[in-house]
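Participant: Shown below is the structure under consideration.
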Amino acid sequence: MIETPSRKRQLALIAGILLLAWLWAAINPLSREDWLLENLLVFFFAGLLLATYRRFAFSLTAYWLFALFLGMHLYGSHYTYSETPLGYWFQEAFALGRNHYDRLVHFSFGLLLVYPLRELLQRSAGLSGRWLAILSLAVVMAMSAFYEQVEMLAALLVSPELGSAFLGTQGDEWDAQKDSGLAMLGALSMLLLLALGKSHNPASLR
């Protein structure tokens, strides 16, 4: 990936926005313990991207998608996922039975991250066409399932109160399955958009 001045400026902008979002989320969160647990994902994710940047640099589009997802996660970490004001607004506006912000983020996980994963598989493994889409979807589903296991372990290893806040199930026994299903739906939505875009412009998205 060629490091142009424009690209460097955009990367610096992305980093600056995320830093400000992290600082905001760190100030008086609703639950400091839950915030710390949620931020393990942020530290791991950001550290991985920084550590591998010289070996594999994603496109600017991919980094903006990463940033959008991390921003949504930071917002959830500040309030806990089951107590976000945005989720409560949707709950009241559409007469929903629970705060669905966590579901929105799981859908966004698939929607926003399948593009960078597709890019990674395309450039590193030389995949294309149907197999590129299938494996991109499979990786998203595997990552979503793995995160559900991480949530379960957190609930088992910490206090029940903190575990419940971290899981954000809100009494739904099928929460993990619904979350994974929404991640899959989000990924399928993005892959469909990419396929439609490529059909209109075959030279794009290669």
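Residue numbering restarts at 1 for every chain of the structure tokens, chains are lettered A, B, ... in their displayed order, and ligands are numbered from 1 as they appear.
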Do a neighbour search on segment 49-61 of chain A at 9 Å with only C-alpha atoms, toss out local chain neighbours closer than 6 positions, and write the hits as a tab-separated table (two decimals) with C-alpha atoms, in the first residue's frame.
Facilitator:
chain	number	residue	atom	x	y	z
A	1	MET	CA	0.00	0.00	0.00
A	7	ARG	CA	-3.49	8.59	3.13
A	10	GLN	CA	-6.68	10.28	6.84
A	11	LEU	CA	-5.04	7.63	9.01
A	115	TYR	CA	-15.19	-5.80	3.94
A	116	PRO	CA	-11.72	-5.68	5.57
A	119	GLU	CA	-9.78	-7.50	1.48
A	120	LEU	CA	-7.38	-9.53	3.61
A	124	SER	CA	-3.09	-12.37	1.01
Participant: Excluding Ser108 of chain A and any residue of its chain fewer than 6 positions from it, enumerate the residues within 10 Å of it, using only C-alpha atoms, and give them as a list of chain:residue names.
Facilitator: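 Residues meeting the cut-off are A:Leu65, A:Leu68, A:Phe69, A:Met72, A:Asp102, A:Val114, A:Leu182, A:Ala183, A:Met184, A:Leu185, A:Gly186, A:Ala187, A:Met190.
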Participant: Tell me, as an MDAnalysis selection string, which residues lie within 9 Å of segment 74-89 of chain A, counting only C-alpha atoms; anything in the same chain fewer than 3 positions away does not count.
Facilitator: chainID A and resid 18 21:22 24:32 34:39 42 69:71 92:94 98:102 104:105 165:170
Participant: Can you spit out the residues from that selection as an mmCIF file, in the first residue's frame, using N, CA and C atoms?
Facilitator:
data_model
loop_
_atom_site.group_PDB
_atom_site.id
_atom_site.type_symbol
_atom_site.label_atom_id
_atom_site.label_comp_id
_atom_site.auth_asym_id
_atom_site.auth_seq_id
_atom_site.Cartn_x
_atom_site.Cartn_y
_atom_site.Cartn_z
ATOM 1 N N LEU A 18 -10.677 8.174 17.058
ATOM 2 C CA LEU A 18 -10.804 7.037 17.973
ATOM 3 C C LEU A 18 -10.241 7.359 19.354
ATOM 4 N N ALA A 21 -12.784 9.444 21.100
ATOM 5 C CA ALA A 21 -13.920 8.605 21.488
ATOM 6 C C ALA A 21 -13.569 7.751 22.699
ATOM 7 N N TRP A 22 -12.344 7.232 22.718
ATOM 8 C CA TRP A 22 -11.915 6.401 23.849
ATOM 9 C C TRP A 22 -11.832 7.232 25.130
ATOM 10 N N TRP A 24 -13.508 9.955 25.813
ATOM 11 C CA TRP A 24 -14.879 10.253 26.242
ATOM 12 C C TRP A 24 -15.483 9.048 26.961
ATOM 13 N N ALA A 25 -15.311 7.862 26.381
ATOM 14 C CA ALA A 25 -15.892 6.654 26.970
ATOM 15 C C ALA A 25 -15.263 6.316 28.314
ATOM 16 N N ALA A 26 -14.015 6.748 28.516
ATOM 17 C CA ALA A 26 -13.305 6.421 29.756
ATOM 18 C C ALA A 26 -13.699 7.316 30.924
ATOM 19 N N ILE A 27 -14.348 8.438 30.633
ATOM 20 C CA ILE A 27 -14.712 9.388 31.689
ATOM 21 C C ILE A 27 -16.053 8.999 32.306
ATOM 22 N N ASN A 28 -16.014 8.609 33.564
ATOM 23 C CA ASN A 28 -17.223 8.264 34.328
ATOM 24 C C ASN A 28 -18.166 7.307 33.596
ATOM 25 N N PRO A 29 -17.678 6.147 33.177
ATOM 26 C CA PRO A 29 -18.596 5.181 32.557
ATOM 27 C C PRO A 29 -19.603 4.675 33.582
ATOM 28 N N LEU A 30 -20.700 4.149 33.096
ATOM 29 C CA LEU A 30 -21.747 3.663 33.993
ATOM 30 C C LEU A 30 -21.221 2.556 34.907
ATOM 31 N N SER A 31 -20.383 1.693 34.357
ATOM 32 C CA SER A 31 -19.756 0.626 35.146
ATOM 33 C C SER A 31 -18.287 0.547 34.752
ATOM 34 N N ARG A 32 -17.410 0.963 35.660
ATOM 35 C CA ARG A 32 -15.981 0.952 35.353
ATOM 36 C C ARG A 32 -15.491 -0.465 35.081
ATOM 37 N N ASP A 34 -17.206 -3.059 33.853
ATOM 38 C CA ASP A 34 -17.658 -3.484 32.526
ATOM 39 C C ASP A 34 -16.880 -2.752 31.437
ATOM 40 N N TRP A 35 -16.605 -1.474 31.663
ATOM 41 C CA TRP A 35 -15.826 -0.697 30.694
ATOM 42 C C TRP A 35 -14.450 -1.327 30.479
ATOM 43 N N LEU A 36 -13.822 -1.763 31.565
ATOM 44 C CA LEU A 36 -12.512 -2.394 31.444
ATOM 45 C C LEU A 36 -12.596 -3.694 30.646
ATOM 46 N N LEU A 37 -13.615 -4.489 30.919
ATOM 47 C CA LEU A 37 -13.785 -5.732 30.168
ATOM 48 C C LEU A 37 -14.019 -5.455 28.683
ATOM 49 N N GLU A 38 -14.899 -4.515 28.402
ATOM 50 C CA GLU A 38 -15.202 -4.194 27.007
ATOM 51 C C GLU A 38 -13.970 -3.662 26.281
ATOM 52 N N ASN A 39 -13.110 -2.955 27.007
ATOM 53 C CA ASN A 39 -11.945 -2.356 26.363
ATOM 54 C C ASN A 39 -10.826 -3.348 26.092
ATOM 55 N N VAL A 42 -10.946 -3.546 22.505
ATOM 56 C CA VAL A 42 -10.373 -2.365 21.856
ATOM 57 C C VAL A 42 -8.854 -2.442 21.850
ATOM 58 N N PHE A 69 -16.878 0.756 13.630
ATOM 59 C CA PHE A 69 -17.258 -0.329 14.533
ATOM 60 C C PHE A 69 -16.701 -0.103 15.937
ATOM 61 N N LEU A 70 -15.439 0.283 16.024
ATOM 62 C CA LEU A 70 -14.848 0.528 17.343
ATOM 63 C C LEU A 70 -15.542 1.691 18.048
ATOM 64 N N GLY A 71 -15.952 2.702 17.282
ATOM 65 C CA GLY A 71 -16.685 3.810 17.875
ATOM 66 C C GLY A 71 -18.009 3.357 18.474
ATOM 67 N N GLU A 92 -38.216 2.935 22.842
ATOM 68 C CA GLU A 92 -39.434 3.722 23.036
ATOM 69 C C GLU A 92 -40.082 4.092 21.707
ATOM 70 N N ALA A 93 -39.273 4.453 20.730
ATOM 71 C CA ALA A 93 -39.811 4.901 19.445
ATOM 72 C C ALA A 93 -40.543 3.790 18.706
ATOM 73 N N PHE A 94 -40.049 2.556 18.834
ATOM 74 C CA PHE A 94 -40.636 1.443 18.089
ATOM 75 C C PHE A 94 -41.320 0.420 18.998
ATOM 76 N N ARG A 98 -36.973 -4.539 24.589
ATOM 77 C CA ARG A 98 -35.672 -4.454 25.241
ATOM 78 C C ARG A 98 -34.821 -3.402 24.546
ATOM 79 N N ASN A 99 -33.681 -3.109 25.147
ATOM 80 C CA ASN A 99 -32.697 -2.227 24.532
ATOM 81 C C ASN A 99 -31.915 -3.048 23.502
ATOM 82 N N HIS A 100 -32.066 -2.701 22.233
ATOM 83 C CA HIS A 100 -31.488 -3.513 21.162
ATOM 84 C C HIS A 100 -30.153 -2.967 20.645
ATOM 85 N N TYR A 101 -29.485 -2.121 21.417
ATOM 86 C CA TYR A 101 -28.217 -1.580 20.916
ATOM 87 C C TYR A 101 -27.199 -2.690 20.673
ATOM 88 N N ASP A 102 -27.183 -3.697 21.543
ATOM 89 C CA ASP A 102 -26.238 -4.799 21.354
ATOM 90 C C ASP A 102 -26.498 -5.528 20.044
ATOM 91 N N LEU A 104 -27.772 -4.176 17.358
ATOM 92 C CA LEU A 104 -27.296 -3.288 16.302
ATOM 93 C C LEU A 104 -25.792 -3.445 16.097
ATOM 94 N N VAL A 105 -25.050 -3.550 17.193
ATOM 95 C CA VAL A 105 -23.598 -3.675 17.091
ATOM 96 C C VAL A 105 -23.205 -5.034 16.512
ATOM 97 N N ALA A 165 -23.916 -7.734 32.981
ATOM 98 C CA ALA A 165 -23.748 -6.469 32.255
ATOM 99 C C ALA A 165 -22.918 -6.672 30.999
ATOM 100 N N PHE A 166 -21.880 -7.504 31.115
ATOM 101 C CA PHE A 166 -21.001 -7.747 29.975
ATOM 102 C C PHE A 166 -21.718 -8.543 28.891
ATOM 103 N N LEU A 167 -22.493 -9.540 29.306
ATOM 104 C CA LEU A 167 -23.228 -10.345 28.335
ATOM 105 C C LEU A 167 -24.347 -9.550 27.673
ATOM 106 N N GLY A 168 -25.035 -8.743 28.449
ATOM 107 C CA GLY A 168 -26.120 -7.937 27.900
ATOM 108 C C GLY A 168 -27.278 -8.755 27.367
ATOM 109 N N THR A 169 -27.532 -9.921 27.952
ATOM 110 C CA THR A 169 -28.599 -10.784 27.435
ATOM 111 C C THR A 169 -29.986 -10.225 27.711
ATOM 112 N N GLN A 170 -30.124 -9.464 28.789
ATOM 113 C CA GLN A 170 -31.406 -8.864 29.171
ATOM 114 C C GLN A 170 -32.511 -9.916 29.259
#
Participant: Apply DSSP to the structure's backbone, then extract all residues of segment 33-149 of chain A labelled helix (DSSP H, G or I) and return them as a ChimeraX atom specification.
Facilitator: /A:33-51,60-79,81-83,85-93,101-125,129-149
Participant: Can you write out the residues you just picked, keeping C-alpha atoms, as an mmCIF file, in the first residue's frame?
Facilitator:
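Resulting contents of result_10.cif:
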data_model
loop_
_atom_site.group_PDB
_atom_site.id
_atom_site.type_symbol
_atom_site.label_atom_id
_atom_site.label_comp_id
_atom_site.auth_asym_id
_atom_site.auth_seq_id
_atom_site.Cartn_x
_atom_site.Cartn_y
_atom_site.Cartn_z
ATOM 1 C CA GLU A 33 -15.556 -2.823 35.626
ATOM 2 C CA ASP A 34 -17.658 -3.484 32.526
ATOM 3 C CA TRP A 35 -15.826 -0.697 30.694
ATOM 4 C CA LEU A 36 -12.512 -2.394 31.444
ATOM 5 C CA LEU A 37 -13.785 -5.732 30.168
ATOM 6 C CA GLU A 38 -15.202 -4.194 27.007
ATOM 7 C CA ASN A 39 -11.945 -2.356 26.363
ATOM 8 C CA LEU A 40 -9.964 -5.576 26.245
ATOM 9 C CA LEU A 41 -11.420 -5.921 22.745
ATOM 10 C CA VAL A 42 -10.373 -2.365 21.856
ATOM 11 C CA PHE A 43 -6.813 -2.840 23.097
ATOM 12 C CA PHE A 44 -6.450 -6.180 21.327
ATOM 13 C CA PHE A 45 -7.977 -4.946 18.077
ATOM 14 C CA ALA A 46 -6.018 -1.688 17.928
ATOM 15 C CA GLY A 47 -2.800 -3.416 18.957
ATOM 16 C CA LEU A 48 -3.221 -6.059 16.269
ATOM 17 C CA LEU A 49 -3.783 -3.458 13.551
ATOM 18 C CA LEU A 50 -0.737 -1.462 14.658
ATOM 19 C CA ALA A 51 1.503 -4.522 14.987
ATOM 20 C CA LEU A 60 -8.598 3.586 3.830
ATOM 21 C CA THR A 61 -12.151 2.330 3.392
ATOM 22 C CA ALA A 62 -11.339 -0.647 5.601
ATOM 23 C CA TYR A 63 -9.797 1.555 8.296
ATOM 24 C CA TRP A 64 -12.849 3.833 8.329
ATOM 25 C CA LEU A 65 -15.060 0.763 8.741
ATOM 26 C CA PHE A 66 -12.851 -0.469 11.588
ATOM 27 C CA ALA A 67 -13.114 2.957 13.205
ATOM 28 C CA LEU A 68 -16.898 3.065 12.888
ATOM 29 C CA PHE A 69 -17.258 -0.329 14.533
ATOM 30 C CA LEU A 70 -14.848 0.528 17.343
ATOM 31 C CA GLY A 71 -16.685 3.810 17.875
ATOM 32 C CA MET A 72 -19.970 1.944 18.285
ATOM 33 C CA HIS A 73 -18.286 -0.440 20.702
ATOM 34 C CA LEU A 74 -16.809 2.419 22.742
ATOM 35 C CA TYR A 75 -20.244 4.020 23.005
ATOM 36 C CA GLY A 76 -21.617 0.740 24.320
ATOM 37 C CA SER A 77 -18.742 0.358 26.767
ATOM 38 C CA HIS A 78 -19.453 3.770 28.294
ATOM 39 C CA TYR A 79 -23.069 3.005 29.160
ATOM 40 C CA TYR A 81 -24.694 -2.289 26.057
ATOM 41 C CA SER A 82 -28.024 -2.820 27.796
ATOM 42 C CA GLU A 83 -28.214 0.775 29.091
ATOM 43 C CA PRO A 85 -29.503 5.997 25.534
ATOM 44 C CA LEU A 86 -29.629 5.337 21.794
ATOM 45 C CA GLY A 87 -30.932 1.845 22.436
ATOM 46 C CA TYR A 88 -33.559 3.186 24.827
ATOM 47 C CA TRP A 89 -34.626 5.739 22.227
ATOM 48 C CA PHE A 90 -35.203 2.976 19.669
ATOM 49 C CA GLN A 91 -36.980 0.922 22.319
ATOM 50 C CA GLU A 92 -39.434 3.722 23.036
ATOM 51 C CA ALA A 93 -39.811 4.901 19.445
ATOM 52 C CA TYR A 101 -28.217 -1.580 20.916
ATOM 53 C CA ASP A 102 -26.238 -4.799 21.354
ATOM 54 C CA ARG A 103 -28.109 -6.330 18.427
ATOM 55 C CA LEU A 104 -27.296 -3.288 16.302
ATOM 56 C CA VAL A 105 -23.598 -3.675 17.091
ATOM 57 C CA HIS A 106 -23.603 -7.397 16.306
ATOM 58 C CA PHE A 107 -25.259 -6.675 12.956
ATOM 59 C CA SER A 108 -22.672 -3.947 12.371
ATOM 60 C CA PHE A 109 -19.896 -6.387 13.252
ATOM 61 C CA GLY A 110 -20.765 -8.418 10.177
ATOM 62 C CA LEU A 111 -21.708 -5.448 8.018
ATOM 63 C CA LEU A 112 -18.584 -3.383 8.697
ATOM 64 C CA LEU A 113 -15.894 -6.011 9.217
ATOM 65 C CA VAL A 114 -16.594 -8.399 6.364
ATOM 66 C CA TYR A 115 -15.193 -5.799 3.942
ATOM 67 C CA PRO A 116 -11.725 -5.680 5.573
ATOM 68 C CA LEU A 117 -11.729 -9.463 5.992
ATOM 69 C CA ARG A 118 -12.625 -9.857 2.325
ATOM 70 C CA GLU A 119 -9.781 -7.497 1.479
ATOM 71 C CA LEU A 120 -7.375 -9.525 3.609
ATOM 72 C CA LEU A 121 -8.347 -12.818 1.975
ATOM 73 C CA GLN A 122 -8.284 -11.316 -1.497
ATOM 74 C CA ARG A 123 -4.821 -9.811 -1.195
ATOM 75 C CA SER A 124 -3.086 -12.373 1.009
ATOM 76 C CA ALA A 125 -4.605 -15.609 -0.308
ATOM 77 C CA GLY A 129 -15.345 -14.733 -6.828
ATOM 78 C CA ARG A 130 -17.600 -17.138 -4.975
ATOM 79 C CA TRP A 131 -14.929 -18.581 -2.685
ATOM 80 C CA LEU A 132 -13.882 -15.123 -1.573
ATOM 81 C CA ALA A 133 -17.440 -14.346 -0.504
ATOM 82 C CA ILE A 134 -17.982 -17.735 1.156
ATOM 83 C CA LEU A 135 -14.767 -17.638 3.175
ATOM 84 C CA SER A 136 -15.263 -13.991 4.145
ATOM 85 C CA LEU A 137 -18.677 -14.908 5.516
ATOM 86 C CA ALA A 138 -17.259 -17.986 7.250
ATOM 87 C CA VAL A 139 -14.564 -15.946 9.002
ATOM 88 C CA VAL A 140 -17.124 -13.417 10.245
ATOM 89 C CA MET A 141 -19.323 -16.208 11.590
ATOM 90 C CA ALA A 142 -16.344 -17.885 13.269
ATOM 91 C CA MET A 143 -15.250 -14.616 14.878
ATOM 92 C CA SER A 144 -18.782 -13.930 16.090
ATOM 93 C CA ALA A 145 -19.065 -17.410 17.605
ATOM 94 C CA PHE A 146 -15.650 -17.031 19.247
ATOM 95 C CA TYR A 147 -16.679 -13.728 20.825
ATOM 96 C CA GLU A 148 -19.791 -15.355 22.265
ATOM 97 C CA GLN A 149 -17.489 -17.890 23.945
#
